[in-house]
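Quick look at work_27.cif (mmCIF, C-alpha atoms):
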data_query
#
loop_
_atom_site.label_atom_id
_atom_site.label_comp_id
_atom_site.auth_asym_id
_atom_site.auth_seq_id
_atom_site.Cartn_x
_atom_site.Cartn_y
_atom_site.Cartn_z
CA MET V 15 4.10 17.53 2.02
CA GLU V 16 1.44 17.18 -0.66
CA TYR V 17 -2.00 15.89 0.35
CA ARG V 18 -4.46 14.14 -1.93
CA ARG V 19 -8.10 13.23 -1.60
CA LEU V 20 -8.56 9.53 -0.88
CA GLY V 21 -10.68 8.39 -3.79
CA ALA V 22 -14.06 10.09 -3.88
CA SER V 23 -14.10 10.59 -0.10
CA GLY V 24 -13.63 13.77 1.90
CA LEU V 25 -10.47 12.41 3.54
CA HIS V 26 -7.17 13.97 2.53
CA VAL V 27 -4.03 11.89 3.01
CA PRO V 28 -0.32 12.66 2.61
CA VAL V 29 1.27 11.28 -0.57
CA LEU V 30 3.65 9.29 1.62
CA SER V 31 2.52 7.17 4.57
CA LEU V 32 4.58 5.10 6.98
CA GLY V 33 4.02 1.35 7.09
CA ALA V 34 4.45 -0.29 10.49
CA ALA V 35 5.04 -3.83 9.23
CA THR V 36 8.63 -3.54 10.48
CA PHE V 37 7.41 -2.87 14.02
CA GLY V 38 7.60 -5.82 16.43
CA GLY V 39 9.69 -8.49 14.72
CA ARG V 40 7.47 -11.44 15.61
CA GLY V 41 6.96 -14.48 13.37
CA SER V 42 9.05 -15.85 10.52
CA LEU V 43 7.78 -13.38 7.90
CA PHE V 44 7.63 -10.14 9.83
CA SER V 45 10.83 -10.70 11.77
CA ALA V 46 12.56 -10.75 8.38
CA TRP V 47 11.05 -7.34 7.60
CA GLY V 48 12.29 -5.65 10.77
CA ASP V 49 12.29 -5.62 14.55
CA THR V 50 11.64 -1.97 15.40
CA ASP V 51 11.07 -1.53 19.14
CA GLU V 52 8.97 1.08 20.98
CA GLN V 53 11.69 3.71 21.26
CA GLN V 54 12.67 3.33 17.61
CA ALA V 55 9.03 3.44 16.54
CA ARG V 56 8.47 6.69 18.38
CA GLY V 57 11.57 8.14 16.76
CA MET V 58 10.26 7.23 13.31
CA VAL V 59 6.87 8.78 14.07
CA ASP V 60 8.68 11.94 15.19
CA ILE V 61 10.54 12.13 11.88
CA CYS V 62 7.35 11.51 9.90
CA LEU V 63 5.33 14.17 11.67
CA ASP V 64 8.13 16.70 11.21
CA ALA V 65 8.02 15.93 7.47
CA GLY V 66 4.22 16.10 7.23
CA VAL V 67 3.71 12.34 7.00
CA THR V 68 0.60 11.98 9.13
CA MET V 69 -0.77 8.61 8.02
CA PHE V 70 0.41 5.32 9.51
CA ASP V 71 -0.57 1.87 8.27
CA THR V 72 -0.57 -1.44 10.12
CA ALA V 73 -2.63 -4.65 10.45
CA ASP V 74 -3.74 -7.04 13.17
CA VAL V 75 -1.65 -9.81 11.61
CA TYR V 76 1.61 -7.84 11.61
CA SER V 77 3.93 -9.40 14.21
CA GLU V 78 0.94 -11.06 15.90
CA GLY V 79 -0.57 -7.72 16.88
CA LYS V 80 2.67 -6.26 18.22
CA SER V 81 2.88 -3.79 15.33
CA GLU V 82 -0.40 -2.18 16.37
CA GLU V 83 0.73 -2.09 20.00
CA LEU V 84 4.00 -0.33 19.18
CA LEU V 85 2.32 2.10 16.81
CA GLY V 86 -0.25 2.94 19.47
CA ALA V 87 2.51 3.63 21.98
CA ALA V 88 4.44 5.74 19.43
CA ILE V 89 1.52 8.08 18.74
CA ALA V 90 0.48 8.41 22.38
CA GLY V 91 -0.33 12.03 23.24
CA ARG V 92 -0.72 13.12 19.61
CA ARG V 93 -3.70 11.20 18.29
CA ASP V 94 -5.22 14.36 16.85
CA ARG V 95 -2.20 14.78 14.56
CA VAL V 96 -2.31 11.36 12.85
CA LEU V 97 -4.43 9.19 10.61
CA LEU V 98 -4.46 5.50 11.51
CA SER V 99 -5.00 2.76 8.95
CA THR V 100 -5.24 -0.90 9.88
CA LYS V 101 -6.51 -4.12 8.33
CA THR V 102 -8.05 -7.48 9.11
CA GLY V 103 -9.13 -10.59 7.23
CA THR V 104 -6.10 -12.86 7.15
CA PRO V 105 -5.95 -15.56 9.87
CA THR V 106 -4.61 -14.45 13.24
CA GLY V 107 -5.30 -17.83 14.84
CA SER V 108 -7.10 -21.12 14.29
CA GLY V 109 -10.42 -20.20 15.90
CA PRO V 110 -13.62 -19.66 13.88
CA HIS V 111 -13.63 -15.92 14.62
CA GLU V 112 -9.94 -15.41 13.90
CA MET V 113 -10.17 -15.43 10.12
CA GLY V 114 -12.36 -14.09 7.33
CA THR V 115 -14.60 -11.02 7.28
CA GLY V 116 -17.87 -12.21 8.76
CA ARG V 117 -19.73 -9.98 11.22
CA SER V 118 -18.32 -11.63 14.37
CA ARG V 119 -14.76 -11.48 13.08
CA LEU V 120 -15.02 -7.84 12.05
CA ILE V 121 -16.46 -6.69 15.36
CA LYS V 122 -13.83 -8.66 17.29
CA ALA V 123 -11.05 -7.41 15.02
CA VAL V 124 -12.01 -3.74 15.36
CA GLU V 125 -12.29 -4.01 19.14
CA GLY V 126 -8.88 -5.70 19.27
CA SER V 127 -7.21 -3.10 17.05
CA LEU V 128 -8.71 -0.23 19.06
CA ARG V 129 -7.35 -1.78 22.24
CA ARG V 130 -3.85 -2.38 20.85
CA LEU V 131 -3.68 1.05 19.23
CA ARG V 132 -5.04 2.70 22.40
CA VAL V 133 -7.52 4.83 20.48
CA ASP V 134 -11.29 5.22 20.23
CA HIS V 135 -11.55 5.18 16.45
CA ILE V 136 -9.70 4.03 13.31
CA ASP V 137 -9.51 6.46 10.40
CA LEU V 138 -9.26 3.86 7.61
CA PHE V 139 -10.21 0.24 8.21
CA GLN V 140 -9.43 -2.15 5.34
CA LEU V 141 -10.15 -5.77 4.57
CA HIS V 142 -6.77 -7.41 4.06
CA VAL V 143 -8.16 -10.03 1.64
CA PHE V 144 -11.47 -10.95 0.03
CA ASP V 145 -13.44 -13.56 1.97
CA SER V 146 -15.26 -15.72 -0.59
CA GLY V 147 -16.98 -17.69 2.20
CA THR V 148 -18.96 -14.73 3.53
CA PRO V 149 -21.71 -12.89 1.60
CA VAL V 150 -20.50 -9.40 0.71
CA GLU V 151 -23.76 -8.01 2.14
CA GLU V 152 -22.90 -9.38 5.59
CA THR V 153 -19.41 -7.91 5.47
CA LEU V 154 -20.60 -4.53 4.24
CA ALA V 155 -23.46 -4.35 6.75
CA ALA V 156 -21.05 -5.03 9.61
CA LEU V 157 -18.62 -2.39 8.35
CA ASP V 158 -21.46 0.10 7.96
CA ASP V 159 -22.56 -0.53 11.55
CA LEU V 160 -19.00 0.07 12.73
CA VAL V 161 -18.88 3.34 10.78
CA ARG V 162 -22.21 4.46 12.26
CA SER V 163 -20.96 3.59 15.75
CA GLY V 164 -17.97 5.90 15.27
CA LYS V 165 -15.39 3.16 15.72
CA ILE V 166 -14.15 3.52 12.14
CA ARG V 167 -14.35 6.52 9.81
CA TYR V 168 -13.71 5.13 6.32
CA VAL V 169 -13.55 1.63 4.85
CA GLY V 170 -11.32 0.14 2.20
CA ALA V 171 -10.19 -3.12 0.67
CA SER V 172 -6.80 -4.65 0.00
CA ASN V 173 -5.59 -7.20 -2.55
CA PHE V 174 -9.05 -7.60 -4.14
CA ALA V 175 -9.53 -8.79 -7.71
CA GLY V 176 -11.49 -6.47 -9.96
CA TRP V 177 -14.73 -8.48 -9.82
CA GLN V 178 -14.51 -8.76 -6.03
CA LEU V 179 -14.14 -5.03 -5.61
CA MET V 180 -16.87 -4.20 -8.12
CA LYS V 181 -19.28 -6.72 -6.57
CA SER V 182 -18.74 -5.09 -3.19
CA LEU V 183 -19.23 -1.58 -4.54
CA ALA V 184 -22.43 -2.60 -6.31
CA ALA V 185 -23.81 -4.20 -3.14
CA ALA V 186 -22.95 -1.08 -1.13
CA ASP V 187 -24.81 1.06 -3.67
CA ARG V 188 -27.80 -1.26 -3.64
CA HIS V 189 -28.18 -1.29 0.15
CA GLY V 190 -26.88 2.17 1.02
CA PHE V 191 -23.88 0.84 2.96
CA SER V 192 -20.59 2.70 3.42
CA LYS V 193 -18.49 2.21 0.28
CA TYR V 194 -14.84 1.36 -0.07
CA VAL V 195 -12.88 4.55 -0.78
CA ALA V 196 -9.43 2.95 -0.80
CA HIS V 197 -7.78 -0.12 -2.28
CA GLN V 198 -4.41 -1.08 -0.79
CA VAL V 199 -2.50 -2.66 -3.65
CA PHE V 200 0.91 -3.94 -4.68
CA TYR V 201 2.22 -1.52 -7.30
CA SER V 202 5.74 -0.58 -8.33
CA LEU V 203 8.04 -0.32 -11.30
CA ALA V 204 8.77 -3.99 -10.63
CA GLY V 205 5.08 -4.95 -10.65
CA ARG V 206 2.57 -3.01 -12.77
CA ASP V 207 -0.30 -5.51 -12.85
CA TYR V 208 -2.45 -2.99 -10.96
CA GLU V 209 -2.73 -0.97 -14.18
CA TRP V 210 -4.52 -3.64 -16.22
CA GLU V 211 -7.91 -3.70 -14.51
CA LEU V 212 -7.76 -2.30 -10.99
CA MET V 213 -6.54 1.16 -11.99
CA PRO V 214 -9.30 1.77 -14.57
CA LEU V 215 -11.83 0.46 -12.05
CA ALA V 216 -10.48 2.81 -9.37
CA HIS V 217 -10.61 5.75 -11.76
CA ASP V 218 -14.19 4.98 -12.74
CA GLN V 219 -15.46 4.30 -9.22
CA GLY V 220 -13.50 6.87 -7.22
CA ILE V 221 -11.20 4.51 -5.32
CA GLY V 222 -7.84 5.80 -4.12
CA ALA V 223 -4.83 3.50 -4.39
CA VAL V 224 -2.90 3.00 -1.15
CA VAL V 225 0.31 1.45 -2.48
CA TRP V 226 2.13 -1.25 -0.53
CA SER V 227 5.67 -2.49 -1.22
CA PRO V 228 6.46 0.35 -3.65
CA LEU V 229 10.06 -0.86 -3.92
CA GLY V 230 9.02 -4.27 -5.20
CA TRP V 231 9.58 -6.25 -1.99
CA GLY V 232 13.00 -4.68 -1.49
CA ARG V 233 14.19 -5.27 -5.04
CA LEU V 234 14.41 -1.58 -5.94
CA THR V 235 16.66 -0.45 -3.12
CA GLY V 236 19.64 -0.21 -5.46
CA LYS V 237 21.40 -3.04 -3.64
CA ILE V 238 20.29 -5.87 -5.96
CA ARG V 239 22.24 -5.85 -9.21
CA ARG V 240 23.21 -8.03 -12.13
CA GLY V 241 26.08 -10.40 -11.39
CA GLN V 242 26.09 -9.74 -7.65
CA PRO V 243 24.80 -11.93 -4.80
CA LEU V 244 21.92 -10.80 -2.63
CA PRO V 245 23.11 -8.48 0.15
CA GLU V 246 23.27 -10.15 3.55
CA ALA V 247 20.64 -7.77 4.93
CA SER V 248 18.11 -8.44 2.15
CA ARG V 249 14.83 -9.90 3.36
CA LEU V 250 14.60 -11.89 0.12
CA HIS V 251 16.86 -14.52 1.70
CA ARG V 252 13.97 -15.54 3.96
CA THR V 253 10.85 -14.24 2.20
CA ALA V 254 11.40 -14.76 -1.54
CA ALA V 255 8.63 -17.38 -1.69
CA ALA V 256 6.10 -14.80 -0.48
CA ALA V 257 7.32 -12.00 -2.77
CA PRO V 258 5.47 -10.94 -5.93
CA PRO V 259 7.44 -12.45 -8.83
CA ILE V 260 9.59 -10.56 -11.33
CA ASP V 261 11.95 -11.89 -13.97
CA ASP V 262 15.58 -11.37 -12.92
CA GLU V 263 16.77 -9.96 -16.25
CA ARG V 264 13.89 -7.49 -16.41
CA LEU V 265 14.70 -6.41 -12.87
CA TYR V 266 18.38 -5.86 -13.73
CA ASP V 267 17.44 -3.83 -16.82
CA LEU V 268 15.14 -1.73 -14.67
CA VAL V 269 17.81 -1.10 -12.04
CA ASP V 270 20.24 -0.04 -14.79
CA VAL V 271 17.82 2.69 -15.90
CA LEU V 272 17.10 3.68 -12.31
CA ASP V 273 20.84 4.02 -11.76
CA ASP V 274 21.18 6.34 -14.72
CA ILE V 275 18.26 8.55 -13.68
CA ALA V 276 19.43 8.63 -10.07
CA ALA V 277 22.75 10.01 -11.27
CA GLU V 278 21.02 12.57 -13.51
CA THR V 279 18.78 13.84 -10.70
CA ASP V 280 21.28 13.50 -7.85
CA ARG V 281 18.80 11.21 -6.09
CA THR V 282 18.91 7.62 -4.88
CA VAL V 283 17.43 4.62 -6.69
CA PRO V 284 14.58 4.24 -4.13
CA GLN V 285 13.75 7.94 -4.37
CA VAL V 286 13.42 7.71 -8.16
CA ALA V 287 11.26 4.58 -7.93
CA LEU V 288 8.96 6.19 -5.36
CA ASN V 289 8.73 9.46 -7.26
CA TRP V 290 7.59 7.60 -10.39
CA LEU V 291 4.69 6.09 -8.44
CA LEU V 292 3.49 9.52 -7.36
CA THR V 293 2.93 10.44 -11.01
CA ARG V 294 0.57 7.52 -11.62
CA PRO V 295 -3.22 7.86 -11.96
CA THR V 296 -5.40 7.00 -8.93
CA VAL V 297 -2.44 6.84 -6.50
CA ALA V 298 -3.45 8.64 -3.30
CA THR V 299 -0.63 7.61 -0.98
CA VAL V 300 2.45 5.41 -1.12
CA ILE V 301 3.33 3.42 2.00
CA ILE V 302 7.03 3.59 2.74
CA GLY V 303 8.70 1.20 5.16
CA ALA V 304 12.01 1.44 6.93
CA ARG V 305 14.17 -0.69 9.20
CA ASN V 306 15.86 2.39 10.64
CA GLU V 307 15.81 6.18 10.61
CA GLN V 308 18.37 6.42 7.81
CA GLN V 309 16.18 4.41 5.43
CA LEU V 310 13.16 6.47 6.45
CA ARG V 311 14.89 9.78 5.77
CA ASP V 312 16.09 8.50 2.40
CA ASN V 313 12.56 7.48 1.40
CA LEU V 314 11.21 10.88 2.45
CA GLY V 315 13.52 12.36 -0.16
CA ALA V 316 11.19 11.01 -2.85
CA ILE V 317 9.06 14.17 -2.70
CA GLY V 318 9.71 17.83 -3.44
CA TRP V 319 11.06 17.32 -6.96
CA GLN V 320 9.88 15.91 -10.30
CA LEU V 321 11.09 13.49 -12.94
CA ASP V 322 10.97 15.03 -16.40
CA ALA V 323 8.93 13.63 -19.28
CA GLU V 324 11.91 11.91 -20.91
CA GLN V 325 12.90 10.18 -17.68
CA LEU V 326 9.33 9.04 -17.08
CA SER V 327 9.22 7.66 -20.60
CA ARG V 328 12.39 5.62 -20.06
CA LEU V 329 11.05 4.19 -16.81
CA ASP V 330 7.72 3.33 -18.43
CA LYS V 331 9.46 1.58 -21.30
CA VAL V 332 11.88 -0.53 -19.27
CA SER V 333 9.24 -1.58 -16.73
CA SER V 334 6.34 -2.31 -19.05
CA VAL V 335 5.17 -5.83 -19.86
CA THR V 336 2.54 -7.08 -22.27
CA ALA V 337 -0.81 -7.18 -20.55
CA PRO V 338 -2.85 -10.40 -20.67
CA TYR V 339 -6.05 -10.80 -22.69
CA PRO V 340 -8.24 -8.80 -23.03
CA TYR V 341 -6.30 -5.82 -21.70
CA HIS V 342 -3.57 -5.89 -24.34
CA MET V 343 -6.21 -5.34 -27.02
CA TYR V 344 -7.16 -1.98 -25.53
CA SER V 345 -3.57 -0.92 -24.93
CA ARG V 346 -2.84 -1.38 -28.65
CA LEU V 347 -5.74 0.73 -29.87
CA ARG V 348 -4.34 3.98 -31.23
CA GLY V 349 -5.48 6.95 -29.20
CA PHE V 350 -7.32 4.88 -26.57
CA LYS V 351 -6.85 6.64 -23.22
CA PRO V 352 -9.05 5.08 -20.56
CA LEU V 353 -7.58 7.28 -17.80
CA ASN V 354 -7.96 10.72 -19.29
CA PRO V 355 -8.07 12.74 -17.11
CA PRO V 356 -6.37 10.78 -14.31
CA LEU V 357 -7.72 10.84 -10.79
CA VAL V 358 -4.85 12.27 -8.72
#
Target format C-alpha cells, applied to this file:
Amino acid sequence: MEYRRLGASGLHVPVLSLGAATFGGRGSLFSAWGDTDEQQARGMVDICLDAGVTMFDTADVYSEGKSEELLGAAIAGRRDRVLLSTKTGTPTGSGPHEMGTGRSRLIKAVEGSLRRLRVDHIDLFQLHVFDSGTPVEETLAALDDLVRSGKIRYVGASNFAGWQLMKSLAAADRHGFSKYVAHQVFYSLAGRDYEWELMPLAHDQGIGAVVWSPLGWGRLTGKIRRGQPLPEASRLHRTAAAAPPIDDERLYDLVDVLDDIAAETDRTVPQVALNWLLTRPTVATVIIGARNEQQLRDNLGAIGWQLDAEQLSRLDKVSSVTAPYPYHMYSRLRGFKPLNPPLV
C-alpha cells in the first residue's frame, strides 16, 4: 500500500480508504447504497487492514448514525491500527442544533460521533457542507477548540466551492485557527469539475483531495453500457436524482475506452477508473465503497500497477469537457501548466 501526505499536514494516509456509507441500510438514500451489517463490516475491515487500507470514512448522517455505530464495532480492539474520518453539517433532524456548523452543533456532533464510534478521538473531522448562515470564524474557532481538546486531530471540508474554502483558509490564517488540510470532493472520469478551480486551489494551499464516489455514482462499474437497461442491482434506479449528472453518450464513450484498456491491462473497468484517479494532482486518498467482499477485493486491485502514458492520454481525451468561463481561457493558453509540479 502506498501512503501519501494529506495536504500540507503531517498525516500520512493510504491511497485507498474504505467508505462506510454502505453500512447500516437505513433511510431511502443509504438503504439503496447497501445494508452491510456488523459481521460483514468487520469482515471488510479485516480485508482492508490485511491490504494496508487503514483509513475509514463515514458521517453522522449515513444511515441515521448507524454507519458510525457499525464502523465503531468493526474496529473494536484495533483502534491504534486505523484512521477514522467522519463528517457533520447536513441535517440529522429538525432541531436547531441538528444542522449547520455553528459551535453548538459542532460540539454536539463530535460528542455523538465519538460515542457511536466508541473512541476518544477522531483523526479527520470534516464539514460535510458549507454553512452560509454561520460566520466562518465561529465554525473555525469551535473546530480549533475541539482540536486543542484532543477530540479531533485534523480538520477538513467537503463539497465546498472555491470561494468558501479560500475564505475559510484566510480566516484560519488571520486568527491562528487550525486549517483545513483535506477537501472531500466528487471526482472521477465521469465528473472532472474538481479540476477547474478546486484542484489549483488545493495545490496552491496544500489541501489534499479525499475523493468520494470515484466510480461516478456507480456508473463506472462496467455494468452500464450503451443499448442495455440498467442492471437490477444498480442504485441508480432509486438514487439517480441525487447523482452528479453526466451525459449518457459521453458516459458510453468513456466506458468503451475503459473496456479497451481493461482488456489491454488484464484489469477490470473499476480498477482502471480508480487507477487513473491515483495519477491526478492533489489526490491524497480515494474512498472506495463496496456492498460485499467481492466488490471490495476487486477495488483493491486498483493499486500495484500503472497505466502507461498512451492509456492515460486516451482516458483524458474521452473524459474531458470544455471548462466554463474563465477556466477554459487558461486551459487554451499554450504551455500554461498551473499544476507543475503536482502535489502528490
Please identify all polymer residues within 7 Å of Ala35 of chain V, counting only C-alpha atoms, omitting same-chain residues fewer than 6 positions from it, and present them as a list in words.
->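 The filter keeps Phe44, Thr72, Tyr76 and Ser81 of chain V.
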Residue list as a list in words for point (-5.3, -1.2, 0.0), cut-off 9 Å, only C-alpha atoms | Lys101, Gln140, Leu141, His142, Gly170, Ala171, Ser172, Asn173, Phe174, Ala196, His197, Gln198, Val199, Phe200, Gly222, Ala223, Val224, Val225 and Trp226 of chain V
Pick from V:Val332, V:Ile121, V:Gln285, V:Leu160 nearest to Leu310 of chain V, counting only C-alpha atoms | V:Gln285
Excluding segment 106-108 of chain V and any residue of its chain fewer than 5 positions from it, enumerate the residues within 12 Å of it, using only C-alpha atoms, and give them as a CSV table (one decimal) with C-alpha atoms, in the coordinates of the input.
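See part22.csv below for the written result:
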chain,number,residue,atom,x,y,z
V,41,GLY,CA,7.0,-14.5,13.4
V,73,ALA,CA,-2.6,-4.6,10.4
V,74,ASP,CA,-3.7,-7.0,13.2
V,75,VAL,CA,-1.6,-9.8,11.6
V,76,TYR,CA,1.6,-7.8,11.6
V,77,SER,CA,3.9,-9.4,14.2
V,78,GLU,CA,0.9,-11.1,15.9
V,79,GLY,CA,-0.6,-7.7,16.9
V,101,LYS,CA,-6.5,-4.1,8.3
V,113,MET,CA,-10.2,-15.4,10.1
V,114,GLY,CA,-12.4,-14.1,7.3
V,119,ARG,CA,-14.8,-11.5,13.1
V,122,LYS,CA,-13.8,-8.7,17.3
V,123,ALA,CA,-11.0,-7.4,15.0
V,126,GLY,CA,-8.9,-5.7,19.3
V,142,HIS,CA,-6.8,-7.4,4.1
Could you check how far atom CA of Arg305 of chain V sits from atom CA of Gly48 of chain V, in Å to one decimal?
-> 5.5 Å
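Within 6 Å of the file-frame point (0.7, 1.1, 10.3), and using only C-alpha atoms, the polymer residues found are Gly33, Ala34, Phe70, Asp71 and Thr72 of chain V.
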Spatial neighbours of segment 228-240 of chain V, 7 Å, only C-alpha atoms, chain gap at least 6 places, as a ChimeraX atom specification | /V:201-202,204-205,257,266,269,283-284,287-288,300
Given the choices V:Thr293, V:Gly39, V:Gln309, V:Ser334, which gets closest to Asp322 of chain V if the distance is worked out from all atoms listed in the file?
->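 Smallest separation from Asp322 of chain V among the options: V:Thr293.
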What separation in Å, quoted to one decimal, exists between atom CA of Met58 of chain V and atom CA of Glu307 of chain V?
->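 So the answer is 6.3 Å.
If you measure from each of V:Arg19, V:Arg167, V:Arg162, V:Lys193 to Leu179 of chain V using all atoms listed in the file, the closest one turns out to be V:Lys193.
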Reference answer for the PyMOL selection byres ((chain V and resi 86-90) around 7), as a ChimeraX atom specification | /V:52,55-56,59,82-85,91-93,130-132
Atom CA of Ala276 of chain V and atom CA of Arg311 of chain V are how many Å apart?
->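 Straight-line distance from atom CA of Ala276 of chain V to atom CA of Arg311 of chain V works out to 16.5 Å.
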Have a look at V:Leu265, V:Met343, V:Leu291, V:Leu215 and name the one nearest to Ala175 of chain V; count only C-alpha atoms.
->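 Nearest to Ala175 of chain V: V:Leu215.
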Written as JSON, numbers by chain, what is the full residue list that the PyMOL selection byres ((chain V and resi 329) around 8) yields on the file shown?
-> {"V": [203, 268, 271, 272, 325, 326, 327, 328, 330, 331, 332, 333]}
Size and centre in Å, one decimal, axis-aligned box, all listed segment 161-171 of chain V atoms plus 5 Å per side, as AutoDock Vina command-line options:
--center_x -16.2 --center_y 1.7 --center_z 8.2 --size_x 22.0 --size_y 19.6 --size_z 25.1
So which one's closest to Ala186 of chain V, V:Asp49, V:Glu209, V:Glu152, V:Asp94? Using only C-alpha atoms, please.
-> V:Glu152
Matched chain/residue IDs from the PyMOL selection byres ((chain V and resi 156) around 10), as a list in words = Thr115, Gly116, Arg117, Ser118, Arg119, Leu120, Ile121, Val150, Glu151, Glu152, Thr153, Leu154, Ala155, Leu157, Asp158, Asp159, Leu160, Val161, Arg162, Phe191 and Ser192 of chain V
Non-local contacts of segment 135-139 of chain V (8 Å; all atoms listed in the file; under 5 positions in same chain excluded) as a ChimeraX atom specification = /V:97-101,128,164-170
Selection from above, C-alpha atoms, as a compact mmCIF listing (two decimals), in the coordinates of the input, can you write it?
# COMPACT_ATOMS: atom_id res chain seq x y z
CA LEU V 97 -4.43 9.19 10.61
CA LEU V 98 -4.46 5.50 11.51
CA SER V 99 -5.00 2.76 8.95
CA THR V 100 -5.24 -0.90 9.88
CA LYS V 101 -6.51 -4.12 8.33
CA LEU V 128 -8.71 -0.23 19.06
CA GLY V 164 -17.97 5.90 15.27
CA LYS V 165 -15.39 3.16 15.72
CA ILE V 166 -14.15 3.52 12.14
CA ARG V 167 -14.35 6.52 9.81
CA TYR V 168 -13.71 5.13 6.32
CA VAL V 169 -13.55 1.63 4.85
CA GLY V 170 -11.32 0.14 2.20
